[in-house]
file start.cif (mmCIF, C-alpha atoms)
data_input
loop_
_atom_site.label_atom_id
_atom_site.label_comp_id
_atom_site.auth_asym_id
_atom_site.auth_seq_id
_atom_site.Cartn_x
_atom_site.Cartn_y
_atom_site.Cartn_z
CA MET D 1 77.07 96.18 81.80
CA SER D 2 75.46 99.00 83.71
CA GLU D 3 77.67 101.44 85.47
CA GLU D 4 78.08 101.19 89.23
CA LEU D 5 76.35 104.04 91.09
CA HIS D 6 77.38 105.54 94.41
CA ASP D 7 74.85 107.00 96.81
CA VAL D 8 76.36 110.12 98.32
CA VAL D 9 75.06 113.17 100.13
CA LEU D 10 76.43 116.50 98.92
CA HIS D 11 76.14 119.47 101.26
CA VAL D 12 75.54 122.47 99.02
CA ASN D 13 74.67 125.97 100.27
CA GLY D 14 73.55 124.54 103.59
CA ALA D 15 71.20 121.95 102.06
CA ALA D 16 71.80 118.20 101.83
CA HIS D 17 71.38 116.66 98.38
CA ALA D 18 71.19 112.87 98.24
CA VAL D 19 72.41 111.87 94.80
CA SER D 20 73.21 108.61 93.07
CA VAL D 21 76.14 109.07 90.71
CA PRO D 22 78.75 107.05 88.86
CA GLY D 23 82.33 107.50 90.04
CA ARG D 24 83.19 109.51 86.94
CA ARG D 25 80.49 112.16 87.50
CA LEU D 26 82.30 115.49 87.84
CA LEU D 27 81.22 117.70 90.72
CA SER D 28 80.32 120.40 88.18
CA ASP D 29 77.92 118.04 86.41
CA ALA D 30 76.50 116.72 89.67
CA LEU D 31 75.73 120.25 90.86
CA ARG D 32 73.96 121.09 87.62
CA GLN D 33 72.26 117.81 86.75
CA ASP D 34 71.73 116.02 90.05
CA CYS D 35 71.28 118.98 92.41
CA GLY D 36 69.58 121.22 89.82
CA LEU D 37 71.90 124.12 90.66
CA THR D 38 72.60 125.43 87.18
CA GLY D 39 74.29 128.62 88.37
CA THR D 40 77.64 126.84 88.20
CA HIS D 41 78.77 127.03 84.58
CA VAL D 42 80.87 124.48 82.75
CA GLY D 43 83.39 125.96 80.33
CA CYS D 44 86.58 124.19 79.37
CA GLU D 45 86.17 121.11 81.59
CA HIS D 46 89.87 120.78 82.15
CA GLY D 47 90.62 123.33 84.81
CA VAL D 48 91.75 126.25 82.69
CA CYS D 49 88.86 128.71 82.44
CA GLY D 50 87.63 128.89 86.03
CA ALA D 51 83.92 129.24 85.13
CA CYS D 52 82.97 126.23 87.28
CA THR D 53 84.76 127.45 90.43
CA VAL D 54 82.85 126.72 93.65
CA LEU D 55 83.86 126.99 97.29
CA VAL D 56 84.78 123.71 98.97
CA ASP D 57 84.98 124.23 102.72
CA GLY D 58 85.31 127.91 101.92
CA ALA D 59 88.21 127.64 99.46
CA PRO D 60 87.79 128.14 95.69
CA VAL D 61 88.11 124.86 93.79
CA ARG D 62 87.46 123.90 90.16
CA SER D 63 84.34 121.76 90.32
CA CYS D 64 85.25 120.20 86.94
CA LEU D 65 88.47 118.85 88.48
CA MET D 66 86.73 117.16 91.37
CA LEU D 67 84.67 114.00 91.32
CA ALA D 68 81.23 114.37 92.89
CA VAL D 69 81.84 111.24 95.00
CA SER D 70 84.95 112.93 96.38
CA GLY D 71 82.84 115.81 97.72
CA VAL D 72 81.03 113.84 100.41
CA ASP D 73 82.75 115.29 103.46
CA ALA D 74 82.78 118.87 102.21
CA GLU D 75 80.60 121.95 102.60
CA ILE D 76 80.11 123.27 99.08
CA THR D 77 79.06 126.82 98.17
CA THR D 78 77.90 127.71 94.66
CA ILE D 79 76.88 131.07 93.25
CA GLU D 80 73.33 130.35 94.42
CA GLY D 81 74.71 130.44 97.96
CA LEU D 82 76.16 133.93 97.66
CA THR D 83 72.77 135.63 97.81
CA GLU D 84 71.85 137.05 101.19
CA ASP D 85 68.58 136.31 102.96
CA ASP D 86 66.42 139.43 103.31
CA GLY D 87 63.14 137.66 103.95
CA THR D 88 62.08 137.62 100.28
CA GLU D 89 62.07 134.53 98.09
CA GLU D 90 64.86 135.74 95.80
CA GLY D 91 66.96 137.24 98.56
CA ARG D 92 69.30 140.18 98.18
CA LEU D 93 72.46 140.25 96.07
CA GLY D 94 75.62 139.74 98.12
CA PRO D 95 78.27 142.48 98.05
CA VAL D 96 80.31 140.79 95.32
CA GLN D 97 77.25 140.23 93.14
CA GLN D 98 76.10 143.82 93.70
CA ALA D 99 79.55 145.19 92.82
CA PHE D 100 79.71 143.22 89.55
CA MET D 101 76.30 144.62 88.64
CA ASP D 102 77.25 148.20 89.61
CA CYS D 103 80.58 148.18 87.74
CA HIS D 104 79.58 146.25 84.61
CA GLY D 105 81.82 143.39 85.70
CA LEU D 106 79.96 141.07 83.34
CA GLN D 107 78.59 141.09 79.82
CA CYS D 108 77.48 137.64 78.67
CA GLY D 109 77.76 136.30 82.21
CA PHE D 110 79.08 132.86 81.36
CA CYS D 111 82.29 133.19 83.37
CA THR D 112 80.65 135.21 86.15
CA PRO D 113 79.76 132.42 88.64
CA GLY D 114 83.43 131.44 88.80
CA PHE D 115 84.54 135.01 89.33
CA LEU D 116 81.97 135.62 92.07
CA THR D 117 82.92 132.56 94.10
CA THR D 118 86.64 133.22 93.66
CA VAL D 119 86.31 136.87 94.66
CA THR D 120 84.07 136.06 97.63
CA ALA D 121 86.78 133.85 99.10
CA GLY D 122 89.55 136.22 98.02
CA LEU D 123 88.02 139.17 99.86
CA ARG D 124 87.52 137.08 102.96
CA ASP D 125 91.27 136.40 103.01
CA ASN D 126 92.21 139.93 101.96
CA PRO D 127 89.39 142.41 102.69
CA ASP D 128 91.32 145.43 101.37
CA PRO D 129 93.15 144.41 98.18
CA THR D 130 95.24 146.74 96.05
CA ARG D 131 94.48 146.86 92.33
CA GLU D 132 97.43 144.52 91.75
CA GLU D 133 96.16 142.08 94.41
CA ALA D 134 92.70 142.24 92.84
CA ARG D 135 94.21 141.21 89.49
CA GLU D 136 96.12 138.37 91.12
CA MET D 137 92.93 137.24 92.87
CA ILE D 138 91.19 136.66 89.53
CA ALA D 139 94.26 135.47 87.60
CA GLY D 140 92.87 131.94 87.35
CA ASN D 141 89.60 132.97 85.71
CA LEU D 142 89.07 133.73 82.04
CA CYS D 143 86.56 136.25 80.69
CA ARG D 144 86.22 136.81 76.94
CA CYS D 145 83.93 139.85 77.05
CA THR D 146 84.95 142.48 79.55
CA GLY D 147 88.67 142.91 79.06
CA TYR D 148 88.94 142.50 82.85
CA GLN D 149 89.13 146.22 83.66
CA ASN D 150 85.58 146.31 84.97
CA ILE D 151 86.09 143.05 86.83
CA VAL D 152 89.06 144.49 88.70
CA ALA D 153 86.93 147.56 89.45
CA SER D 154 84.17 145.24 90.68
CA VAL D 155 86.55 143.48 93.07
CA LEU D 156 87.62 146.81 94.57
CA ARG D 157 83.98 147.96 94.76
CA ALA D 158 82.95 144.70 96.43
CA ALA D 159 85.62 145.27 99.06
CA GLU D 160 84.13 148.72 99.73
CA LEU D 161 80.59 147.35 99.94
CA ALA D 162 81.67 144.58 102.32
CA ARG D 163 83.47 147.08 104.54
CA ASP D 164 80.47 149.43 104.64
CA SER D 165 77.93 146.75 105.47
CA MET R 1 85.33 115.89 77.79
CA LYS R 2 83.86 113.38 80.22
CA PRO R 3 85.95 110.64 81.82
CA ALA R 4 85.43 107.07 80.65
CA PRO R 5 83.77 104.79 83.25
CA PHE R 6 85.89 103.50 86.10
CA ALA R 7 85.28 101.81 89.42
CA TYR R 8 85.63 104.12 92.41
CA ARG R 9 86.74 103.17 95.91
CA ARG R 10 87.31 105.42 98.89
CA PRO R 11 89.11 103.30 101.50
CA ALA R 12 89.27 104.44 105.11
CA SER R 13 92.65 102.93 105.92
CA LEU R 14 96.04 102.79 104.24
CA THR R 15 96.03 98.99 104.52
CA ASP R 16 92.73 98.82 102.60
CA ALA R 17 94.05 101.23 99.98
CA VAL R 18 97.21 99.18 99.42
CA ASP R 19 95.06 96.02 99.28
CA LEU R 20 92.85 97.52 96.59
CA LEU R 21 95.83 98.55 94.48
CA ALA R 22 97.41 95.11 94.85
CA ARG R 23 94.19 93.40 93.72
CA SER R 24 93.46 95.81 90.83
CA PRO R 25 96.39 96.16 88.42
CA GLY R 26 94.54 98.82 86.39
CA ALA R 27 93.93 101.06 89.39
CA LYS R 28 95.29 104.54 89.97
CA VAL R 29 95.53 106.67 93.12
CA LEU R 30 93.43 109.85 93.35
CA ALA R 31 94.54 112.58 95.76
CA GLY R 32 94.02 116.20 94.64
CA GLY R 33 93.23 115.19 91.07
CA GLN R 34 94.35 118.48 89.54
CA SER R 35 96.53 116.66 87.00
CA LEU R 36 94.70 113.33 86.92
CA VAL R 37 91.12 114.56 86.38
CA PRO R 38 91.99 116.60 83.24
CA LEU R 39 93.79 113.52 81.88
CA LEU R 40 90.65 111.48 82.59
CA ALA R 41 88.37 114.12 81.05
CA MET R 42 90.47 114.25 77.89
CA ARG R 43 90.64 110.45 77.99
CA LEU R 44 94.42 110.48 77.90
CA ALA R 45 94.21 108.19 80.93
CA ALA R 46 91.59 105.49 81.42
CA PRO R 47 92.27 103.56 84.64
CA GLU R 48 89.90 100.72 85.51
CA MET R 49 89.66 101.92 89.08
CA LEU R 50 90.39 105.03 91.09
CA VAL R 51 91.46 104.57 94.69
CA ASP R 52 90.56 107.87 96.35
CA ILE R 53 92.92 108.41 99.31
CA ASN R 54 91.19 111.58 100.56
CA ALA R 55 89.53 109.72 103.44
CA LEU R 56 92.77 108.21 104.75
CA PRO R 57 93.83 109.47 108.18
CA ASP R 58 97.20 110.97 109.13
CA LEU R 59 98.31 112.08 105.69
CA ASP R 60 97.29 115.75 105.84
CA HIS R 61 100.40 117.13 107.52
CA VAL R 62 103.25 119.58 107.06
CA ARG R 63 105.82 118.70 109.75
CA CYS R 64 108.92 120.77 110.17
CA SER R 65 112.09 119.99 112.09
CA ALA R 66 115.70 121.14 111.95
CA ASP R 67 116.30 118.42 109.33
CA GLY R 68 113.67 119.58 106.88
CA VAL R 69 109.99 119.57 105.94
CA ARG R 70 107.85 116.43 105.76
CA VAL R 71 104.74 116.83 103.61
CA GLY R 72 101.94 114.27 103.80
CA ALA R 73 100.14 112.97 100.72
CA LEU R 74 96.96 114.92 101.48
CA ALA R 75 98.61 118.27 102.23
CA ARG R 76 97.41 120.73 99.60
CA HIS R 77 99.88 123.09 97.92
CA ALA R 78 98.06 125.98 99.63
CA ALA R 79 98.70 124.51 103.09
CA VAL R 80 102.41 123.99 102.42
CA LEU R 81 102.69 127.48 100.96
CA ALA R 82 100.95 128.97 104.01
CA SER R 83 103.19 127.19 106.52
CA VAL R 84 105.43 129.77 108.19
CA GLU R 85 107.56 127.00 109.71
CA ALA R 86 108.11 125.33 106.34
CA ARG R 87 109.15 128.65 104.84
CA ALA R 88 111.69 129.16 107.64
CA VAL R 89 113.17 125.66 107.38
CA GLN R 90 113.34 125.55 103.57
CA PRO R 91 112.49 128.88 101.90
CA LEU R 92 112.69 127.40 98.39
CA LEU R 93 109.40 125.54 98.99
CA ALA R 94 107.32 128.71 99.27
CA LEU R 95 109.28 130.47 96.51
CA ALA R 96 108.44 127.66 94.10
CA LEU R 97 104.90 126.95 95.34
CA ALA R 98 103.82 130.55 94.66
CA ASN R 99 104.40 129.67 90.98
CA VAL R 100 102.45 126.39 91.02
CA ALA R 101 99.35 127.04 88.89
CA HIS R 102 96.67 129.38 90.25
CA ALA R 103 95.53 129.70 93.85
CA THR R 104 92.34 127.78 93.03
CA ILE R 105 94.34 124.79 91.79
CA ARG R 106 96.66 125.00 94.82
CA ASN R 107 93.64 124.71 97.12
CA ARG R 108 92.97 121.19 95.88
CA GLY R 109 96.21 119.91 94.33
CA THR R 110 98.64 118.09 96.60
CA SER R 111 102.40 118.59 96.70
CA VAL R 112 103.12 114.86 96.93
CA GLY R 113 100.78 114.22 94.00
CA SER R 114 102.66 116.76 91.90
CA LEU R 115 105.97 115.10 92.81
CA VAL R 116 104.92 111.61 91.72
CA HIS R 117 103.07 112.87 88.64
CA ALA R 118 106.67 113.51 87.52
CA ASP R 119 105.93 116.32 85.10
CA ALA R 120 109.18 117.97 84.01
CA ALA R 121 107.20 121.19 83.49
CA ALA R 122 106.18 121.27 87.17
CA GLU R 123 107.98 123.22 89.87
CA LEU R 124 108.14 120.79 92.79
CA PRO R 125 109.94 117.86 91.08
CA ALA R 126 112.78 120.22 90.10
CA VAL R 127 112.86 121.61 93.64
CA LEU R 128 112.92 118.18 95.30
CA ARG R 129 115.70 117.10 92.94
CA LEU R 130 117.76 120.22 93.62
CA LEU R 131 117.40 119.79 97.38
CA GLY R 132 118.16 116.06 97.30
CA GLY R 133 114.91 115.08 99.00
CA SER R 134 112.95 111.85 98.91
CA VAL R 135 109.48 110.34 98.66
CA ASP R 136 108.16 107.61 100.96
CA VAL R 137 105.83 105.04 99.44
CA VAL R 138 103.78 102.22 100.97
CA GLY R 139 103.07 99.03 99.05
CA PRO R 140 102.42 95.34 99.68
CA GLY R 141 106.03 94.99 100.85
CA GLY R 142 105.72 97.78 103.41
CA ARG R 143 107.16 101.26 103.42
CA ARG R 144 110.25 102.35 101.50
CA THR R 145 112.03 105.62 100.87
CA ILE R 146 112.86 106.58 97.28
CA PRO R 147 115.75 109.08 97.07
CA VAL R 148 114.88 111.72 94.47
CA ASP R 149 117.75 110.71 92.20
CA ASP R 150 116.03 107.31 91.81
CA LEU R 151 112.52 108.79 91.48
CA TYR R 152 112.37 110.25 87.98
CA VAL R 153 112.97 107.67 85.28
CA GLY R 154 111.37 109.30 82.21
CA PRO R 155 108.85 111.89 81.00
CA LEU R 156 105.82 111.68 83.33
CA GLU R 157 107.28 108.47 84.71
CA SER R 158 108.38 107.85 88.28
CA SER R 159 109.77 104.75 89.95
CA VAL R 160 106.72 104.50 92.22
CA ARG R 161 105.21 101.10 91.38
CA PRO R 162 101.54 100.79 90.36
CA ASP R 163 100.75 98.99 93.64
CA GLU R 164 102.39 101.64 95.81
CA ILE R 165 101.00 104.84 97.33
CA ALA R 166 103.23 107.87 97.86
CA VAL R 167 102.53 108.89 101.47
CA GLU R 168 105.09 111.55 102.29
CA ALA R 169 107.77 113.75 100.75
CA PHE R 170 110.85 115.04 102.52
CA PHE R 171 112.41 118.38 101.59
CA PRO R 172 115.78 118.84 103.37
CA ALA R 173 116.30 122.04 105.35
CA LEU R 174 118.36 124.88 103.98
CA ALA R 175 121.93 124.47 105.29
CA ALA R 176 123.66 127.21 107.22
CA GLY R 177 125.46 129.55 104.84
CA ALA R 178 123.24 128.59 101.93
CA GLY R 179 120.74 130.61 99.92
CA VAL R 180 118.03 129.71 97.43
CA ALA R 181 116.09 131.46 94.69
CA PHE R 182 113.41 130.62 92.12
CA ALA R 183 112.26 132.29 88.92
CA GLU R 184 110.13 131.28 85.98
CA ILE R 185 108.65 132.88 82.89
CA ALA R 186 105.15 131.92 81.77
CA ARG R 187 102.81 133.45 79.18
CA ARG R 188 100.39 134.23 81.99
CA HIS R 189 101.15 134.07 85.71
CA GLY R 190 100.03 130.64 86.91
CA ASP R 191 100.34 128.93 83.55
CA TYR R 192 102.97 126.30 82.81
CA ALA R 193 106.37 127.96 82.65
CA MET R 194 108.28 128.18 79.37
CA CYS R 195 111.36 127.93 81.55
CA GLY R 196 111.85 127.80 85.31
CA VAL R 197 115.02 127.69 87.39
CA ALA R 198 115.69 127.06 91.07
CA ALA R 199 119.11 127.84 92.53
CA LEU R 200 121.00 126.68 95.61
CA VAL R 201 124.22 128.49 96.52
CA ARG R 202 126.32 127.63 99.60
CA LEU R 203 129.13 129.78 100.91
CA GLY R 204 132.20 128.62 102.83
CA GLY R 205 135.06 130.41 104.55
CA ASP R 206 134.78 133.53 106.66
CA ALA R 207 134.05 137.04 105.43
CA PRO R 208 135.68 138.80 103.70
CA ASP R 209 137.24 135.65 102.21
CA GLU R 210 133.99 133.76 101.80
CA ARG R 211 133.62 131.83 98.58
CA VAL R 212 131.01 129.73 96.84
CA VAL R 213 131.54 126.08 97.75
CA GLU R 214 128.37 124.81 96.08
CA ALA R 215 126.22 126.19 93.25
CA ARG R 216 123.53 124.00 91.74
CA LEU R 217 120.48 124.65 89.58
CA GLY R 218 117.20 122.80 89.06
CA TYR R 219 115.38 123.26 85.74
CA LEU R 220 111.80 122.78 84.59
CA SER R 221 110.14 122.95 81.17
CA VAL R 222 113.47 122.82 79.32
CA CYS R 223 114.14 119.09 79.80
CA ASP R 224 112.26 115.76 79.62
CA VAL R 225 112.83 114.94 83.27
CA PRO R 226 113.50 117.27 86.21
CA THR R 227 117.17 118.13 85.74
CA VAL R 228 119.82 119.41 88.16
CA VAL R 229 123.08 120.96 86.93
CA ASP R 230 126.14 121.57 89.12
CA VAL R 231 127.79 124.88 88.21
CA THR R 232 130.16 125.12 91.18
CA GLY R 233 133.27 126.96 90.03
CA VAL R 234 131.63 128.31 86.85
CA ALA R 235 131.46 132.08 86.31
CA VAL R 236 127.90 133.31 86.87
CA GLU R 237 127.71 134.74 83.32
CA ASP R 238 128.62 131.34 81.83
CA ALA R 239 126.42 129.16 84.04
CA GLY R 240 123.43 129.25 81.67
CA ASP R 241 125.49 128.04 78.71
CA VAL R 242 127.06 125.32 80.84
CA ALA R 243 123.60 124.22 81.97
CA LEU R 244 122.27 124.14 78.41
CA ARG R 245 124.64 121.24 77.65
CA SER R 246 122.49 119.13 80.02
CA LEU R 247 119.13 120.55 78.89
CA ASP R 248 116.97 120.04 75.83
CA PRO R 249 114.67 123.05 75.26
CA ALA R 250 111.97 122.24 72.70
CA ASP R 251 109.77 124.22 70.31
CA ASP R 252 106.08 124.46 71.02
CA ILE R 253 103.25 126.95 70.48
CA HIS R 254 104.34 128.97 73.53
CA GLY R 255 107.95 129.55 72.49
CA THR R 256 110.80 128.39 70.31
CA ALA R 257 113.75 126.32 71.52
CA HIS R 258 115.93 129.34 70.76
CA TYR R 259 113.81 131.56 73.00
CA ARG R 260 113.76 128.99 75.78
CA SER R 261 117.57 128.76 75.61
CA GLN R 262 117.73 132.50 76.07
CA LEU R 263 115.41 132.21 79.09
CA VAL R 264 117.78 129.59 80.53
CA ARG R 265 120.71 132.02 80.26
CA VAL R 266 118.85 135.00 81.68
CA LEU R 267 117.05 133.20 84.52
CA THR R 268 120.12 131.19 85.49
CA GLU R 269 122.16 134.30 86.11
CA ARG R 270 119.24 135.97 87.87
CA VAL R 271 118.60 133.15 90.35
CA LEU R 272 122.30 132.48 90.98
CA ARG R 273 122.81 136.10 92.00
CA ALA R 274 119.65 136.10 94.13
CA ALA R 275 120.62 132.84 95.88
CA HIS R 276 124.12 134.19 96.48
CA ASP R 277 122.66 137.36 98.01
CA GLY R 278 120.38 135.21 100.14
CA ALA R 279 123.28 133.10 101.38
CA ARG R 280 125.26 136.19 102.33
CA ALA R 281 122.29 137.72 104.13
CA ARG R 282 121.79 134.54 106.15
CA ARG R 283 125.45 134.61 107.23
CA THR R 284 125.22 138.18 108.45
CA PRO R 285 124.22 138.25 112.13
CA GLY R 286 120.76 139.73 112.30
CA GLY R 287 120.54 139.50 108.49
CA ASP R 288 117.43 138.46 106.65
CA ARG R 289 116.79 134.75 107.02
#

call {"tool": "encode", "arguments": {"input": "start.cif", "output": "structure tokens"}}
result
Amino acid sequence: MSEELHDVVLHVNGAAHAVSVPGRRLLSDALRQDCGLTGTHVGCEHGVCGACTVLVDGAPVRSCLMLAVSGVDAEITTIEGLTEDDGTEEGRLGPVQQAFMDCHGLQCGFCTPGFLTTVTAGLRDNPDPTREEAREMIAGNLCRCTGYQNIVASVLRAAELARDS
Amino acid sequence: MKPAPFAYRRPASLTDAVDLLARSPGAKVLAGGQSLVPLLAMRLAAPEMLVDINALPDLDHVRCSADGVRVGALARHAAVLASVEARAVQPLLALALANVAHATIRNRGTSVGSLVHADAAAELPAVLRLLGGSVDVVGPGGRRTIPVDDLYVGPLESSVRPDEIAVEAFFPALAAGAGVAFAEIARRHGDYAMCGVAALVRLGGDAPDERVVEARLGYLSVCDVPTVVDVTGVAVEDAGDVALRSLDPADDIHGTAHYRSQLVRVLTERVLRAAHDGARARRTPGGDR
């Protein structure tokens, strides 16, 4: 018996992606495999590590804990959508991306897409976080390389960059 | 780590959703999915069909009145936590919700979903039980209200029938002269608690002769089902030991039963004192509400 497929349109980073997926296809897998947006990383696949975090209608959500078919009415933003348009093909790094680069907020980079989306939304809600608030902002994301110190510094630096721009 | 195949339906009306559940005995309701999807991914649950209720109208509400807070089945934890009115009517809701997982999970997970998932390690079931709230469900026979004392029948087991959909939860308002508090200890903020305690303390009589007329505690992670213990009339230092007679702390990789028992004693005293302080402050004219 072949599996029933559902034709849905996912709105990702301002573009519409018509995909045909089984009900069990996780949003994280649909983004990577069906939309070709491999910036979203898949870590633990049960909602613990935070690597797959994307923005759903602006709010950070674990894409591995959402079914792709459930994302039909939502505006989804992945790490690919955090880059700013400067007229070039690659675009310019957004303030959060730039801050992570400046402050060594990443080493292997596997967890980074989840941090960047989480922090982007976090700074929108709280543009001037304290160090403690910055730690709380990223409390749901795991990183096994950095020891977090540079990630906290990156959050504070991103807040500065966003304020200055 | 991928779910087994299932049929997926996304009905646009509550009637259609109830119909689907009635016709498909192996079906399960999907709301926020923050507990269900991991169970699917780990293949601990394998329903034949998921009935996604996210497209149903009129369920995404947090309505407050003098009686209490009514939370619709599609209201996310984050929305309930952000509601200033809900916090004013029943402060324990926000105190507990701030401890429900991480903000990212709260953005998608629903409060009603957490209640009917019936996890004794979750915050909201213990809170609903302590407050004496209820859950409304709709099934083939219409709508019925399940008082919380009839809701939790076993570990991860509620009295909501497989063909019913939980549509709304009711958290009673904080009574005049009452105070509440919540505390939990987890390995990492946002993780499952090793022990959590909610307290409700109500004062009677007039100052300076006011006295505690009600003192009750709701426990999580130290019992198989959400458990409430009445400690009215018990000295605050002894309340934890009294409560432990009704609790069953277990060993696991996060902590020993002995350690969890110690957390029960420490947190019980802490939240009782905080709830008592809160009750007194609310009775003082112009005091902190």

call {"tool": "residues_near_point", "arguments": {"input": "start.cif", "point": "(108.6, 105.7, 103.8)", "cutoff": "12 Å", "atoms": "all atoms listed in the file", "output": "ChimeraX atom specification"}}
result
/R:70-73,134-139,141-147,160,164-170

call {"tool": "closest_residue", "arguments": {"input": "start.cif", "among": "R:Cys223, R:Cys64, R:Leu93, R:Leu203", "to": "Asp119 in chain R", "atoms": "all atoms listed in the file"}}
result
R:Cys223

call {"tool": "residues_around", "arguments": {"input": "start.cif", "residues": "Thr117 in chain D", "least_positions_apart": "3", "cutoff": "12 Å", "atoms": "all atoms listed in the file", "output": "MDAnalysis selection string"}}
result
(chainID D and resid 39:41 50:56 58:63 76:83 94:97 111:114 120:124 137:138 141 155) or (chainID R and resid 104)

call {"tool": "interface_residues", "arguments": {"input": "start.cif", "of": "chain D", "to": "chain R", "cutoff": "9 Å", "atoms": "all atoms listed in the file", "output": "PyMOL selection string"}}
result
chain D and resi 3-4+6+22-26+44-47+50+53+59-62+64-67+69-70+73+118+136-137+139-140

call {"tool": "atom_distance", "arguments": {"input": "start.cif", "atom1": "CA of Asp252 in chain R", "atom2": "CA of Cys49 in chain D"}}
result
21.1 Å

call {"tool": "resolve_selection", "arguments": {"input": "start.cif", "expression": "the PyMOL selection byres ((chain R and resi 200) around 12)", "output": "PyMOL selection string"}}
result
chain R and resi 90-92+126-132+173-182+197-199+201-203+212-219+228-232+268+271-279

call {"tool": "residues_around", "arguments": {"input": "start.cif", "residues": "Cys145 in chain D", "least_positions_apart": "4", "cutoff": "10 Å", "atoms": "all atoms listed in the file", "output": "ChimeraX atom specification"}}
result
/D:105-111

call {"tool": "resolve_selection", "arguments": {"input": "start.cif", "expression": "the PyMOL selection byres ((chain R and resi 267) around 8)", "output": "list in words"}}
result
Ala183, Glu184, Gly196, Val197, Leu263, Val264, Arg265, Val266, Thr268, Glu269, Arg270 and Val271 of chain R

call {"tool": "resolve_selection", "arguments": {"input": "start.cif", "expression": "the PyMOL selection byres ((chain D and resi 11) around 6)", "output": "list in words"}}
result
Leu10, Val12, Ala15, Ala16, Glu75 and Ile76 of chain D

call {"tool": "write_last_selection", "arguments": {"input": "start.cif", "atoms": "C-alpha atoms", "output": "tab-separated table (two decimals), in the frame of the given file"}}
result
chain	number	residue	atom	x	y	z
D	10	LEU	CA	76.43	116.50	98.92
D	12	VAL	CA	75.54	122.47	99.02
D	15	ALA	CA	71.20	121.95	102.06
D	16	ALA	CA	71.80	118.20	101.83
D	75	GLU	CA	80.60	121.95	102.60
D	76	ILE	CA	80.11	123.27	99.08

call {"tool": "atom_distance", "arguments": {"input": "start.cif", "atom1": "CA of Glu84 in chain D", "atom2": "CA of Ala158 in chain D"}}
result
14.3 Å

call {"tool": "atom_distance", "arguments": {"input": "start.cif", "atom1": "CA of His61 in chain R", "atom2": "CA of Ala120 in chain R"}}
result
25.1 Å

call {"tool": "closest_residue", "arguments": {"input": "start.cif", "among": "R:Ser114, R:Ser221, R:Ser158, R:Thr284", "to": "Gly255 in chain R", "atoms": "only C-alpha atoms"}}
result
R:Ser221

call {"tool": "closest_residue", "arguments": {"input": "start.cif", "among": "D:Cys103, D:Leu37, D:Ala162, D:Val152", "to": "Pro127 in chain D", "atoms": "only C-alpha atoms"}}
result
D:Ala162

call {"tool": "build_atoms", "arguments": {"input": "start.cif", "residues": "range 154-166 of chain R", "atoms": "N, CA and C atoms", "output": "PDB file, in the coordinates of the input"}}
result
ATOM      1  N   GLY R 154     111.685 108.895  83.579  1.00  0.00           N
ATOM      2  CA  GLY R 154     111.370 109.300  82.210  1.00  0.00           C
ATOM      3  C   GLY R 154     110.294 110.355  82.236  1.00  0.00           C
ATOM      4  N   PRO R 155     109.903 110.873  81.053  1.00  0.00           N
ATOM      5  CA  PRO R 155     108.850 111.890  81.000  1.00  0.00           C
ATOM      6  C   PRO R 155     107.555 111.362  81.631  1.00  0.00           C
ATOM      7  N   LEU R 156     107.045 112.069  82.621  1.00  0.00           N
ATOM      8  CA  LEU R 156     105.820 111.680  83.330  1.00  0.00           C
ATOM      9  C   LEU R 156     105.909 110.265  83.923  1.00  0.00           C
ATOM     10  N   GLU R 157     107.120 109.830  84.211  1.00  0.00           N
ATOM     11  CA  GLU R 157     107.280 108.470  84.710  1.00  0.00           C
ATOM     12  C   GLU R 157     108.167 108.470  85.951  1.00  0.00           C
ATOM     13  N   SER R 158     107.603 107.955  87.051  1.00  0.00           N
ATOM     14  CA  SER R 158     108.380 107.850  88.280  1.00  0.00           C
ATOM     15  C   SER R 158     108.600 106.379  88.604  1.00  0.00           C
ATOM     16  N   SER R 159     109.473 106.132  89.576  1.00  0.00           N
ATOM     17  CA  SER R 159     109.770 104.750  89.950  1.00  0.00           C
ATOM     18  C   SER R 159     108.810 104.228  91.025  1.00  0.00           C
ATOM     19  N   VAL R 160     107.752 105.015  91.336  1.00  0.00           N
ATOM     20  CA  VAL R 160     106.720 104.500  92.220  1.00  0.00           C
ATOM     21  C   VAL R 160     105.966 103.401  91.468  1.00  0.00           C
ATOM     22  N   ARG R 161     105.858 102.221  92.084  1.00  0.00           N
ATOM     23  CA  ARG R 161     105.210 101.100  91.380  1.00  0.00           C
ATOM     24  C   ARG R 161     103.685 101.256  91.406  1.00  0.00           C
ATOM     25  N   PRO R 162     103.009 100.623  90.452  1.00  0.00           N
ATOM     26  CA  PRO R 162     101.540 100.790  90.360  1.00  0.00           C
ATOM     27  C   PRO R 162     100.813 100.338  91.634  1.00  0.00           C
ATOM     28  N   ASP R 163     101.428  99.448  92.424  1.00  0.00           N
ATOM     29  CA  ASP R 163     100.750  98.990  93.640  1.00  0.00           C
ATOM     30  C   ASP R 163     101.247  99.735  94.878  1.00  0.00           C
ATOM     31  N   GLU R 164     101.900 100.865  94.671  1.00  0.00           N
ATOM     32  CA  GLU R 164     102.390 101.640  95.810  1.00  0.00           C
ATOM     33  C   GLU R 164     101.693 102.996  95.884  1.00  0.00           C
ATOM     34  N   ILE R 165     101.583 103.514  97.105  1.00  0.00           N
ATOM     35  CA  ILE R 165     101.000 104.840  97.330  1.00  0.00           C
ATOM     36  C   ILE R 165     102.078 105.738  97.917  1.00  0.00           C
ATOM     37  N   ALA R 166     102.292 106.888  97.299  1.00  0.00           N
ATOM     38  CA  ALA R 166     103.230 107.870  97.860  1.00  0.00           C
ATOM     39  C   ALA R 166     102.556 108.504  99.069  1.00  0.00           C
TER      40      ALA R 166
END
